[in-house]
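Okay, entry_14.cif is below, mmCIF, N, CA and C atoms:
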data_target
#
loop_
_atom_site.label_atom_id
_atom_site.label_comp_id
_atom_site.auth_asym_id
_atom_site.auth_seq_id
_atom_site.Cartn_x
_atom_site.Cartn_y
_atom_site.Cartn_z
N GLN A 83 -14.66 2.90 -13.84
CA GLN A 83 -14.49 2.28 -12.54
C GLN A 83 -13.19 1.50 -12.49
N VAL A 84 -12.58 1.53 -11.32
CA VAL A 84 -11.34 0.79 -11.09
C VAL A 84 -11.55 -0.09 -9.86
N GLN A 85 -11.18 -1.33 -9.98
CA GLN A 85 -11.25 -2.25 -8.85
C GLN A 85 -9.83 -2.55 -8.38
N LEU A 86 -9.68 -2.66 -7.07
CA LEU A 86 -8.37 -2.94 -6.48
C LEU A 86 -8.43 -4.23 -5.68
N LEU A 87 -7.38 -4.99 -5.77
CA LEU A 87 -7.28 -6.22 -5.00
C LEU A 87 -5.91 -6.28 -4.35
N GLU A 88 -5.89 -6.22 -3.02
CA GLU A 88 -4.63 -6.36 -2.30
C GLU A 88 -4.39 -7.83 -1.97
N SER A 89 -3.14 -8.18 -1.88
CA SER A 89 -2.77 -9.54 -1.47
C SER A 89 -1.40 -9.50 -0.81
N GLY A 90 -1.06 -10.60 -0.17
CA GLY A 90 0.26 -10.72 0.43
C GLY A 90 0.29 -10.61 1.94
N GLY A 91 -0.81 -10.24 2.55
CA GLY A 91 -0.84 -10.15 3.99
C GLY A 91 -0.66 -11.52 4.64
N ASP A 92 -0.01 -11.52 5.81
CA ASP A 92 0.27 -12.79 6.47
C ASP A 92 0.68 -12.50 7.91
N SER A 93 0.95 -13.57 8.63
CA SER A 93 1.49 -13.46 9.98
C SER A 93 2.97 -13.80 9.92
N VAL A 94 3.79 -12.93 10.48
CA VAL A 94 5.24 -13.15 10.46
C VAL A 94 5.82 -12.80 11.82
N GLN A 95 7.02 -13.27 12.06
CA GLN A 95 7.72 -12.94 13.29
C GLN A 95 8.45 -11.61 13.14
N PRO A 96 8.72 -10.96 14.25
CA PRO A 96 9.50 -9.71 14.18
C PRO A 96 10.81 -9.93 13.44
N GLY A 97 11.15 -8.97 12.62
CA GLY A 97 12.34 -9.08 11.80
C GLY A 97 12.09 -9.68 10.44
N GLY A 98 10.90 -10.21 10.24
CA GLY A 98 10.56 -10.83 8.97
C GLY A 98 10.20 -9.83 7.89
N SER A 99 9.88 -10.37 6.73
CA SER A 99 9.55 -9.55 5.57
C SER A 99 8.27 -10.04 4.91
N LEU A 100 7.60 -9.11 4.29
CA LEU A 100 6.42 -9.43 3.48
C LEU A 100 6.39 -8.49 2.29
N THR A 101 5.77 -8.96 1.22
CA THR A 101 5.52 -8.11 0.06
C THR A 101 4.02 -8.07 -0.20
N LEU A 102 3.47 -6.89 -0.11
CA LEU A 102 2.06 -6.69 -0.42
C LEU A 102 1.92 -6.27 -1.87
N SER A 103 0.88 -6.75 -2.52
CA SER A 103 0.61 -6.37 -3.90
C SER A 103 -0.76 -5.72 -4.00
N CYS A 104 -0.88 -4.82 -4.94
CA CYS A 104 -2.15 -4.15 -5.22
C CYS A 104 -2.36 -4.19 -6.72
N ALA A 105 -3.36 -4.94 -7.13
CA ALA A 105 -3.66 -5.08 -8.55
C ALA A 105 -4.90 -4.28 -8.89
N ALA A 106 -4.77 -3.40 -9.85
CA ALA A 106 -5.89 -2.57 -10.29
C ALA A 106 -6.43 -3.10 -11.60
N SER A 107 -7.74 -3.13 -11.71
CA SER A 107 -8.37 -3.58 -12.94
C SER A 107 -9.51 -2.65 -13.31
N GLY A 108 -9.85 -2.65 -14.58
CA GLY A 108 -10.90 -1.78 -15.07
C GLY A 108 -10.67 -1.51 -16.54
N SER A 109 -11.29 -0.47 -17.03
CA SER A 109 -11.17 -0.13 -18.45
C SER A 109 -10.71 1.30 -18.63
N ASP A 110 -9.79 1.47 -19.56
CA ASP A 110 -9.38 2.81 -20.00
C ASP A 110 -8.99 3.72 -18.85
N PHE A 111 -8.03 3.30 -18.08
CA PHE A 111 -7.57 4.15 -17.00
C PHE A 111 -6.05 4.08 -16.92
N TRP A 112 -5.48 5.07 -16.26
CA TRP A 112 -4.07 4.97 -15.87
C TRP A 112 -3.94 5.51 -14.47
N ILE A 113 -2.98 4.99 -13.77
CA ILE A 113 -2.84 5.30 -12.36
C ILE A 113 -1.93 6.50 -12.18
N GLU A 114 -2.47 7.54 -11.59
CA GLU A 114 -1.69 8.74 -11.33
C GLU A 114 -0.83 8.59 -10.08
N ARG A 115 -1.38 7.87 -9.11
CA ARG A 115 -0.69 7.73 -7.83
C ARG A 115 -1.20 6.47 -7.14
N MET A 116 -0.31 5.79 -6.45
CA MET A 116 -0.70 4.67 -5.61
C MET A 116 -0.22 4.95 -4.18
N ARG A 117 -1.08 4.69 -3.23
CA ARG A 117 -0.76 4.88 -1.83
C ARG A 117 -1.07 3.64 -1.05
N TRP A 118 -0.36 3.47 0.05
CA TRP A 118 -0.69 2.45 1.03
C TRP A 118 -0.96 3.16 2.36
N GLU A 119 -2.01 2.74 3.00
CA GLU A 119 -2.32 3.19 4.35
C GLU A 119 -2.57 1.95 5.20
N ARG A 120 -2.56 2.13 6.50
CA ARG A 120 -2.80 1.01 7.40
C ARG A 120 -3.62 1.45 8.59
N GLN A 121 -4.31 0.50 9.16
CA GLN A 121 -5.12 0.78 10.33
C GLN A 121 -4.97 -0.36 11.32
N ALA A 122 -4.40 -0.01 12.47
CA ALA A 122 -4.25 -0.98 13.54
C ALA A 122 -5.50 -0.97 14.40
N PRO A 123 -5.76 -2.05 15.12
CA PRO A 123 -6.95 -2.10 15.98
C PRO A 123 -6.98 -0.94 16.96
N GLY A 124 -8.10 -0.24 17.01
CA GLY A 124 -8.27 0.86 17.95
C GLY A 124 -7.56 2.13 17.55
N SER A 125 -7.00 2.16 16.34
CA SER A 125 -6.26 3.34 15.89
C SER A 125 -6.85 3.89 14.61
N GLN A 126 -6.50 5.14 14.33
CA GLN A 126 -6.94 5.73 13.07
C GLN A 126 -6.09 5.21 11.92
N ARG A 127 -6.64 5.27 10.74
CA ARG A 127 -5.89 4.90 9.56
C ARG A 127 -4.75 5.89 9.38
N GLU A 128 -3.58 5.39 9.02
CA GLU A 128 -2.43 6.25 8.83
C GLU A 128 -1.73 5.97 7.51
N PHE A 129 -1.11 7.02 7.02
CA PHE A 129 -0.36 6.94 5.77
C PHE A 129 0.88 6.08 5.97
N VAL A 130 1.20 5.28 4.95
CA VAL A 130 2.41 4.46 4.99
C VAL A 130 3.38 4.88 3.90
N ALA A 131 2.92 4.86 2.64
CA ALA A 131 3.81 5.17 1.53
C ALA A 131 2.99 5.53 0.31
N SER A 132 3.61 6.26 -0.60
CA SER A 132 2.94 6.60 -1.85
C SER A 132 3.97 6.74 -2.96
N ILE A 133 3.48 6.59 -4.18
CA ILE A 133 4.34 6.78 -5.35
C ILE A 133 3.49 7.36 -6.47
N THR A 134 4.04 8.35 -7.16
CA THR A 134 3.34 8.95 -8.28
C THR A 134 3.72 8.23 -9.57
N ALA A 135 3.01 8.57 -10.63
CA ALA A 135 3.33 7.99 -11.93
C ALA A 135 4.74 8.38 -12.37
N ASP A 136 5.23 9.51 -11.87
CA ASP A 136 6.59 9.96 -12.18
C ASP A 136 7.65 9.29 -11.32
N GLY A 137 7.20 8.45 -10.38
CA GLY A 137 8.16 7.75 -9.54
C GLY A 137 8.57 8.47 -8.27
N ILE A 138 7.86 9.52 -7.93
CA ILE A 138 8.17 10.26 -6.70
C ILE A 138 7.56 9.50 -5.52
N ARG A 139 8.41 9.16 -4.56
CA ARG A 139 8.00 8.36 -3.42
C ARG A 139 7.97 9.19 -2.14
N HIS A 140 7.04 8.84 -1.29
CA HIS A 140 6.98 9.41 0.05
C HIS A 140 6.74 8.26 1.03
N TYR A 141 7.33 8.39 2.21
CA TYR A 141 7.17 7.37 3.24
C TYR A 141 6.86 8.02 4.58
N ALA A 142 6.09 7.30 5.38
CA ALA A 142 5.93 7.72 6.76
C ALA A 142 7.25 7.52 7.49
N ASP A 143 7.52 8.37 8.46
CA ASP A 143 8.78 8.26 9.21
C ASP A 143 8.92 6.88 9.86
N SER A 144 7.81 6.31 10.25
CA SER A 144 7.85 5.04 10.97
C SER A 144 8.28 3.85 10.11
N VAL A 145 8.22 4.03 8.78
CA VAL A 145 8.56 2.90 7.90
C VAL A 145 9.74 3.21 6.98
N ARG A 146 10.17 4.47 6.96
CA ARG A 146 11.25 4.84 6.04
C ARG A 146 12.50 4.03 6.34
N GLY A 147 13.08 3.48 5.29
CA GLY A 147 14.27 2.65 5.44
C GLY A 147 13.95 1.18 5.60
N ARG A 148 12.70 0.87 5.89
CA ARG A 148 12.31 -0.54 6.03
C ARG A 148 11.35 -0.98 4.93
N PHE A 149 10.50 -0.05 4.47
CA PHE A 149 9.51 -0.36 3.45
C PHE A 149 9.91 0.30 2.13
N THR A 150 9.57 -0.36 1.03
CA THR A 150 9.83 0.19 -0.29
C THR A 150 8.58 0.01 -1.15
N ILE A 151 8.11 1.13 -1.70
CA ILE A 151 6.96 1.07 -2.59
C ILE A 151 7.46 1.07 -4.03
N SER A 152 6.88 0.20 -4.84
CA SER A 152 7.35 0.09 -6.21
C SER A 152 6.47 0.88 -7.16
N ARG A 153 7.02 1.15 -8.32
CA ARG A 153 6.22 1.78 -9.37
C ARG A 153 5.20 0.77 -9.89
N VAL A 154 4.09 1.29 -10.35
CA VAL A 154 3.06 0.45 -10.92
C VAL A 154 3.55 -0.08 -12.26
N ASP A 155 3.40 -1.39 -12.45
CA ASP A 155 3.93 -1.97 -13.69
C ASP A 155 2.88 -1.98 -14.79
N ALA A 156 3.22 -2.62 -15.89
CA ALA A 156 2.33 -2.61 -17.06
C ALA A 156 1.04 -3.38 -16.81
N ARG A 157 1.03 -4.19 -15.78
CA ARG A 157 -0.20 -4.91 -15.43
C ARG A 157 -1.01 -4.14 -14.40
N ASN A 158 -0.63 -2.87 -14.18
CA ASN A 158 -1.32 -2.04 -13.18
C ASN A 158 -1.24 -2.64 -11.78
N THR A 159 -0.11 -3.20 -11.47
CA THR A 159 0.14 -3.78 -10.16
C THR A 159 1.32 -3.09 -9.49
N GLY A 160 1.14 -2.72 -8.25
CA GLY A 160 2.23 -2.14 -7.47
C GLY A 160 2.43 -2.96 -6.22
N THR A 161 3.61 -2.83 -5.63
CA THR A 161 3.93 -3.60 -4.44
C THR A 161 4.46 -2.71 -3.33
N LEU A 162 4.37 -3.25 -2.13
CA LEU A 162 4.96 -2.63 -0.96
C LEU A 162 5.82 -3.70 -0.31
N GLN A 163 7.13 -3.54 -0.43
CA GLN A 163 8.07 -4.47 0.18
C GLN A 163 8.31 -4.02 1.62
N MET A 164 8.07 -4.91 2.56
CA MET A 164 8.20 -4.56 3.97
C MET A 164 9.26 -5.45 4.62
N ASN A 165 10.31 -4.85 5.09
CA ASN A 165 11.41 -5.57 5.75
C ASN A 165 11.51 -5.15 7.21
N SER A 166 12.24 -5.95 7.97
CA SER A 166 12.48 -5.65 9.38
C SER A 166 11.18 -5.32 10.10
N LEU A 167 10.21 -6.15 9.91
CA LEU A 167 8.89 -5.88 10.49
C LEU A 167 8.93 -5.95 12.01
N ILE A 168 8.15 -5.08 12.61
CA ILE A 168 8.04 -5.00 14.06
C ILE A 168 6.57 -5.14 14.45
N PRO A 169 6.29 -5.47 15.71
CA PRO A 169 4.89 -5.63 16.12
C PRO A 169 4.02 -4.40 15.82
N ASP A 170 4.59 -3.21 15.90
CA ASP A 170 3.80 -2.00 15.61
C ASP A 170 3.37 -1.91 14.15
N ASP A 171 3.90 -2.76 13.30
CA ASP A 171 3.46 -2.79 11.91
C ASP A 171 2.18 -3.60 11.73
N THR A 172 1.73 -4.26 12.77
CA THR A 172 0.50 -5.03 12.70
C THR A 172 -0.68 -4.13 12.40
N ALA A 173 -1.39 -4.44 11.33
CA ALA A 173 -2.51 -3.61 10.89
C ALA A 173 -3.14 -4.23 9.66
N VAL A 174 -4.28 -3.68 9.28
CA VAL A 174 -4.84 -3.96 7.96
C VAL A 174 -4.26 -2.91 7.02
N TYR A 175 -3.70 -3.37 5.93
CA TYR A 175 -3.07 -2.48 4.95
C TYR A 175 -4.00 -2.30 3.76
N TYR A 176 -4.21 -1.04 3.42
CA TYR A 176 -5.12 -0.69 2.33
C TYR A 176 -4.35 -0.02 1.20
N CYS A 177 -4.71 -0.40 0.01
CA CYS A 177 -4.16 0.23 -1.19
C CYS A 177 -5.16 1.25 -1.72
N GLU A 178 -4.64 2.36 -2.17
CA GLU A 178 -5.47 3.40 -2.78
C GLU A 178 -4.80 3.88 -4.06
N VAL A 179 -5.59 4.04 -5.09
CA VAL A 179 -5.06 4.63 -6.32
C VAL A 179 -5.91 5.82 -6.73
N ARG A 180 -5.26 6.76 -7.37
CA ARG A 180 -5.97 7.88 -8.00
C ARG A 180 -5.98 7.62 -9.49
N ALA A 181 -7.17 7.55 -10.04
CA ALA A 181 -7.34 7.30 -11.46
C ALA A 181 -8.70 7.85 -11.87
N LEU A 182 -8.80 8.23 -13.10
CA LEU A 182 -10.08 8.73 -13.64
C LEU A 182 -10.64 9.86 -12.78
N GLY A 183 -9.76 10.64 -12.20
CA GLY A 183 -10.18 11.81 -11.45
C GLY A 183 -10.69 11.56 -10.04
N ARG A 184 -10.52 10.36 -9.54
CA ARG A 184 -10.98 10.07 -8.18
C ARG A 184 -10.10 9.02 -7.54
N ASP A 185 -10.35 8.79 -6.25
CA ASP A 185 -9.60 7.80 -5.49
C ASP A 185 -10.40 6.51 -5.37
N TYR A 186 -9.68 5.41 -5.46
CA TYR A 186 -10.29 4.10 -5.29
C TYR A 186 -9.53 3.36 -4.19
N TRP A 187 -10.28 2.59 -3.40
CA TRP A 187 -9.69 1.88 -2.27
C TRP A 187 -9.93 0.39 -2.38
N GLY A 188 -8.95 -0.38 -1.94
CA GLY A 188 -9.14 -1.81 -1.83
C GLY A 188 -9.76 -2.15 -0.48
N LYS A 189 -10.00 -3.44 -0.26
CA LYS A 189 -10.65 -3.87 0.97
C LYS A 189 -9.65 -4.20 2.07
N GLY A 190 -8.39 -4.19 1.74
CA GLY A 190 -7.37 -4.39 2.76
C GLY A 190 -6.85 -5.81 2.87
N THR A 191 -5.65 -5.92 3.43
CA THR A 191 -5.03 -7.21 3.69
C THR A 191 -4.36 -7.14 5.06
N GLN A 192 -4.53 -8.19 5.84
CA GLN A 192 -4.06 -8.19 7.22
C GLN A 192 -2.60 -8.57 7.31
N VAL A 193 -1.86 -7.77 8.05
CA VAL A 193 -0.46 -8.06 8.38
C VAL A 193 -0.36 -8.16 9.89
N THR A 194 0.15 -9.27 10.37
CA THR A 194 0.33 -9.48 11.80
C THR A 194 1.79 -9.81 12.07
N VAL A 195 2.40 -9.05 12.95
CA VAL A 195 3.80 -9.28 13.32
C VAL A 195 3.83 -9.64 14.80
N SER A 196 4.17 -10.88 15.06
CA SER A 196 4.12 -11.37 16.44
C SER A 196 5.05 -12.56 16.60
N SER A 197 5.63 -12.66 17.79
CA SER A 197 6.47 -13.80 18.07
C SER A 197 5.66 -14.89 18.76
#

Output the file's structure in the form of structure tokens.
Amino acid sequence: QVQLLESGGDSVQPGGSLTLSCAASGSDFWIERMRWERQAPGSQREFVASITADGIRHYADSVRGRFTISRVDARNTGTLQMNSLIPDDTAVYYCEVRALGRDYWGKGTQVTVSS
């Protein structure tokens, strides 16, 4: 089993920055891939960014150039650096990892971008 804990969500003004973290814990696992998804009120969950253990990154068009996903470090923690935030980035952000042959999800962290 792998447990995930997201942190770093906050309320910021447009143009601001936030760094979300996803810490994975458990026994005898390694992370094959980490993904971030988000869900805004009244909307479906959507893909934001992902990174493989080999460092291959993918981004949604809506965040490319503004968000950066980091490689998972030795503490099994990965981050999502979010710059130039806009109101449309307001959502609950969820971390997902693939490990031990399955996907694990965190409970999410709220990001609000508003003036």

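Atom N of Pro96 of chain A lies 16.0 Å from atom N of Val145 of chain A.
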
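Applied to the shown file, the PyMOL selection byres ((chain A and resi 91) around 6.5) selects the residues Glu88, Ser89, Gly90, Asp92, Ser93, Thr101, Leu102, Ser103, Thr191, Gln192, Val193 and Thr194 of chain A.
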
>> What would the selection look like, as a list of chain:residue names, if the PyMOL selection byres (((chain A and resi 123-130 and name CA) around 8) and name CA) were run on the coordinates I just shared?
In response: A:Arg117, A:Trp118, A:Glu119, A:Arg120, A:Gln121, A:Ala122, A:Ala131, A:Ser132, A:Tyr141, A:Ala142, A:Val145, A:Ala173

Can you tell me, as a PDB file with N, CA and C atoms, in the frame of the given file, what residues are no more than 8 Å from Gly137 of chain A when counting all atoms listed in the file, ignoring any on the same chain fewer than 6 positions away?
ATOM      1  N   SER A 152       6.880   0.200  -4.840  1.00  0.00           N
ATOM      2  CA  SER A 152       7.350   0.090  -6.210  1.00  0.00           C
ATOM      3  C   SER A 152       6.470   0.880  -7.160  1.00  0.00           C
ATOM      4  N   ARG A 153       7.020   1.150  -8.320  1.00  0.00           N
ATOM      5  CA  ARG A 153       6.220   1.780  -9.370  1.00  0.00           C
ATOM      6  C   ARG A 153       5.200   0.770  -9.890  1.00  0.00           C
ATOM      7  N   VAL A 154       4.090   1.290 -10.350  1.00  0.00           N
ATOM      8  CA  VAL A 154       3.060   0.450 -10.920  1.00  0.00           C
ATOM      9  C   VAL A 154       3.550  -0.080 -12.260  1.00  0.00           C
TER      10      VAL A 154
END

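Every residue that the PyMOL selection byres (((chain A and resi 106 and name CA) around 10) and name CA) selects in this file is listed here: Val84, Gln85, Leu86, Leu87, Glu88, Ser103, Cys104, Ala105, Ser107, Gly108, Phe111, Trp112, Ile113, Val154, Arg157, Asn158, Thr159, Gly160, Cys177, Glu178, Val179, Tyr186, Trp187 and Gly188 of chain A.
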
>> So the first atom is atom CA of Asn165 of chain A and the second is atom CA of Val195 of chain A; what is the distance between them in Å, to one decimal place?
In response: 11.4 Å

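Here atom CA of Ser197 of chain A stands at a distance of 6.1 Å from atom N of Gln95 of chain A.
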
Starting from 3 Å padding per side, set up an axis-aligned box that covers all listed atoms of segment 187-194 of chain A and hand over centre and edge lengths in Å, one decimal, as AutoDock Vina command-line options.
--center_x -4.4 --center_y -3.6 --center_z 4.3 --size_x 18.4 --size_y 18.4 --size_z 21.5

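The nearest approach to Thr172 of chain A among the residues A:Ser144, A:Ser109, A:Arg139, A:Ser196, with all atoms listed in the file taken into account, belongs to A:Ser196.
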
Where does DSSP see strand (DSSP E or B) in chain A, if you list the residues as a CSV table (one decimal) with N, CA and C atoms, keeping the file's coordinate frame?
chain,number,residue,atom,x,y,z
A,84,VAL,N,-12.6,1.5,-11.3
A,84,VAL,CA,-11.3,0.8,-11.1
A,84,VAL,C,-11.6,-0.1,-9.9
A,85,GLN,N,-11.2,-1.3,-10.0
A,85,GLN,CA,-11.2,-2.2,-8.8
A,85,GLN,C,-9.8,-2.6,-8.4
A,86,LEU,N,-9.7,-2.7,-7.1
A,86,LEU,CA,-8.4,-2.9,-6.5
A,86,LEU,C,-8.4,-4.2,-5.7
A,87,LEU,N,-7.4,-5.0,-5.8
A,87,LEU,CA,-7.3,-6.2,-5.0
A,87,LEU,C,-5.9,-6.3,-4.4
A,88,GLU,N,-5.9,-6.2,-3.0
A,88,GLU,CA,-4.6,-6.4,-2.3
A,88,GLU,C,-4.4,-7.8,-2.0
A,89,SER,N,-3.1,-8.2,-1.9
A,89,SER,CA,-2.8,-9.5,-1.5
A,89,SER,C,-1.4,-9.5,-0.8
A,93,SER,N,1.0,-13.6,8.6
A,93,SER,CA,1.5,-13.5,10.0
A,93,SER,C,3.0,-13.8,9.9
A,94,VAL,N,3.8,-12.9,10.5
A,94,VAL,CA,5.2,-13.2,10.5
A,94,VAL,C,5.8,-12.8,11.8
A,100,LEU,N,7.6,-9.1,4.3
A,100,LEU,CA,6.4,-9.4,3.5
A,100,LEU,C,6.4,-8.5,2.3
A,101,THR,N,5.8,-9.0,1.2
A,101,THR,CA,5.5,-8.1,0.1
A,101,THR,C,4.0,-8.1,-0.2
A,102,LEU,N,3.5,-6.9,-0.1
A,102,LEU,CA,2.1,-6.7,-0.4
A,102,LEU,C,1.9,-6.3,-1.9
A,103,SER,N,0.9,-6.8,-2.5
A,103,SER,CA,0.6,-6.4,-3.9
A,103,SER,C,-0.8,-5.7,-4.0
A,104,CYS,N,-0.9,-4.8,-4.9
A,104,CYS,CA,-2.2,-4.2,-5.2
A,104,CYS,C,-2.4,-4.2,-6.7
A,105,ALA,N,-3.4,-4.9,-7.1
A,105,ALA,CA,-3.7,-5.1,-8.6
A,105,ALA,C,-4.9,-4.3,-8.9
A,106,ALA,N,-4.8,-3.4,-9.8
A,106,ALA,CA,-5.9,-2.6,-10.3
A,106,ALA,C,-6.4,-3.1,-11.6
A,107,SER,N,-7.7,-3.1,-11.7
A,107,SER,CA,-8.4,-3.6,-12.9
A,107,SER,C,-9.5,-2.6,-13.3
A,108,GLY,N,-9.8,-2.6,-14.6
A,108,GLY,CA,-10.9,-1.8,-15.1
A,108,GLY,C,-10.7,-1.5,-16.5
A,115,ARG,N,-1.4,7.9,-9.1
A,115,ARG,CA,-0.7,7.7,-7.8
A,115,ARG,C,-1.2,6.5,-7.1
A,116,MET,N,-0.3,5.8,-6.4
A,116,MET,CA,-0.7,4.7,-5.6
A,116,MET,C,-0.2,5.0,-4.2
A,117,ARG,N,-1.1,4.7,-3.2
A,117,ARG,CA,-0.8,4.9,-1.8
A,117,ARG,C,-1.1,3.6,-1.0
A,118,TRP,N,-0.4,3.5,0.0
A,118,TRP,CA,-0.7,2.4,1.0
A,118,TRP,C,-1.0,3.2,2.4
A,119,GLU,N,-2.0,2.7,3.0
A,119,GLU,CA,-2.3,3.2,4.4
A,119,GLU,C,-2.6,2.0,5.2
A,120,ARG,N,-2.6,2.1,6.5
A,120,ARG,CA,-2.8,1.0,7.4
A,120,ARG,C,-3.6,1.4,8.6
A,121,GLN,N,-4.3,0.5,9.2
A,121,GLN,CA,-5.1,0.8,10.3
A,121,GLN,C,-5.0,-0.4,11.3
A,128,GLU,N,-3.6,5.4,9.0
A,128,GLU,CA,-2.4,6.2,8.8
A,128,GLU,C,-1.7,6.0,7.5
A,129,PHE,N,-1.1,7.0,7.0
A,129,PHE,CA,-0.4,6.9,5.8
A,129,PHE,C,0.9,6.1,6.0
A,130,VAL,N,1.2,5.3,5.0
A,130,VAL,CA,2.4,4.5,5.0
A,130,VAL,C,3.4,4.9,3.9
A,131,ALA,N,2.9,4.9,2.6
A,131,ALA,CA,3.8,5.2,1.5
A,131,ALA,C,3.0,5.5,0.3
A,132,SER,N,3.6,6.3,-0.6
A,132,SER,CA,2.9,6.6,-1.8
A,132,SER,C,4.0,6.7,-3.0
A,133,ILE,N,3.5,6.6,-4.2
A,133,ILE,CA,4.3,6.8,-5.4
A,133,ILE,C,3.5,7.4,-6.5
A,134,THR,N,4.0,8.4,-7.2
A,134,THR,CA,3.3,9.0,-8.3
A,134,THR,C,3.7,8.2,-9.6
A,139,ARG,N,8.4,9.2,-4.6
A,139,ARG,CA,8.0,8.4,-3.4
A,139,ARG,C,8.0,9.2,-2.1
A,140,HIS,N,7.0,8.8,-1.3
A,140,HIS,CA,7.0,9.4,0.0
A,140,HIS,C,6.7,8.3,1.0
A,141,TYR,N,7.3,8.4,2.2
A,141,TYR,CA,7.2,7.4,3.2
A,141,TYR,C,6.9,8.0,4.6
A,146,ARG,N,10.2,4.5,7.0
A,146,ARG,CA,11.2,4.8,6.0
A,146,ARG,C,12.5,4.0,6.3
A,149,PHE,N,10.5,0.0,4.5
A,149,PHE,CA,9.5,-0.4,3.4
A,149,PHE,C,9.9,0.3,2.1
A,150,THR,N,9.6,-0.4,1.0
A,150,THR,CA,9.8,0.2,-0.3
A,150,THR,C,8.6,0.0,-1.2
A,151,ILE,N,8.1,1.1,-1.7
A,151,ILE,CA,7.0,1.1,-2.6
A,151,ILE,C,7.5,1.1,-4.0
A,159,THR,N,-0.1,-3.2,-11.5
A,159,THR,CA,0.1,-3.8,-10.2
A,159,THR,C,1.3,-3.1,-9.5
A,160,GLY,N,1.1,-2.7,-8.2
A,160,GLY,CA,2.2,-2.1,-7.5
A,160,GLY,C,2.4,-3.0,-6.2
A,161,THR,N,3.6,-2.8,-5.6
A,161,THR,CA,3.9,-3.6,-4.4
A,161,THR,C,4.5,-2.7,-3.3
A,162,LEU,N,4.4,-3.2,-2.1
A,162,LEU,CA,5.0,-2.6,-1.0
A,162,LEU,C,5.8,-3.7,-0.3
A,163,GLN,N,7.1,-3.5,-0.4
A,163,GLN,CA,8.1,-4.5,0.2
A,163,GLN,C,8.3,-4.0,1.6
A,164,MET,N,8.1,-4.9,2.6
A,164,MET,CA,8.2,-4.6,4.0
A,164,MET,C,9.3,-5.4,4.6
A,173,ALA,N,-1.4,-4.4,11.3
A,173,ALA,CA,-2.5,-3.6,10.9
A,173,ALA,C,-3.1,-4.2,9.7
A,174,VAL,N,-4.3,-3.7,9.3
A,174,VAL,CA,-4.8,-4.0,8.0
A,174,VAL,C,-4.3,-2.9,7.0
A,175,TYR,N,-3.7,-3.4,5.9
A,175,TYR,CA,-3.1,-2.5,5.0
A,175,TYR,C,-4.0,-2.3,3.8
A,176,TYR,N,-4.2,-1.0,3.4
A,176,TYR,CA,-5.1,-0.7,2.3
A,176,TYR,C,-4.4,0.0,1.2
A,177,CYS,N,-4.7,-0.4,0.0
A,177,CYS,CA,-4.2,0.2,-1.2
A,177,CYS,C,-5.2,1.2,-1.7
A,178,GLU,N,-4.6,2.4,-2.2
A,178,GLU,CA,-5.5,3.4,-2.8
A,178,GLU,C,-4.8,3.9,-4.1
A,179,VAL,N,-5.6,4.0,-5.1
A,179,VAL,CA,-5.1,4.6,-6.3
A,179,VAL,C,-5.9,5.8,-6.7
A,180,ARG,N,-5.3,6.8,-7.4
A,180,ARG,CA,-6.0,7.9,-8.0
A,180,ARG,C,-6.0,7.6,-9.5
A,181,ALA,N,-7.2,7.6,-10.0
A,181,ALA,CA,-7.3,7.3,-11.5
A,181,ALA,C,-8.7,7.8,-11.9
A,184,ARG,N,-10.5,10.4,-9.5
A,184,ARG,CA,-11.0,10.1,-8.2
A,184,ARG,C,-10.1,9.0,-7.5
A,185,ASP,N,-10.4,8.8,-6.2
A,185,ASP,CA,-9.6,7.8,-5.5
A,185,ASP,C,-10.4,6.5,-5.4
A,186,TYR,N,-9.7,5.4,-5.5
A,186,TYR,CA,-10.3,4.1,-5.3
A,186,TYR,C,-9.5,3.4,-4.2
A,187,TRP,N,-10.3,2.6,-3.4
A,187,TRP,CA,-9.7,1.9,-2.3
A,187,TRP,C,-9.9,0.4,-2.4
A,191,THR,N,-5.6,-5.9,3.4
A,191,THR,CA,-5.0,-7.2,3.7
A,191,THR,C,-4.4,-7.1,5.1
A,192,GLN,N,-4.5,-8.2,5.8
A,192,GLN,CA,-4.1,-8.2,7.2
A,192,GLN,C,-2.6,-8.6,7.3
A,193,VAL,N,-1.9,-7.8,8.0
A,193,VAL,CA,-0.5,-8.1,8.4
A,193,VAL,C,-0.4,-8.2,9.9
A,194,THR,N,0.2,-9.3,10.4
A,194,THR,CA,0.3,-9.5,11.8
A,194,THR,C,1.8,-9.8,12.1
A,195,VAL,N,2.4,-9.0,13.0
A,195,VAL,CA,3.8,-9.3,13.3
A,195,VAL,C,3.8,-9.6,14.8
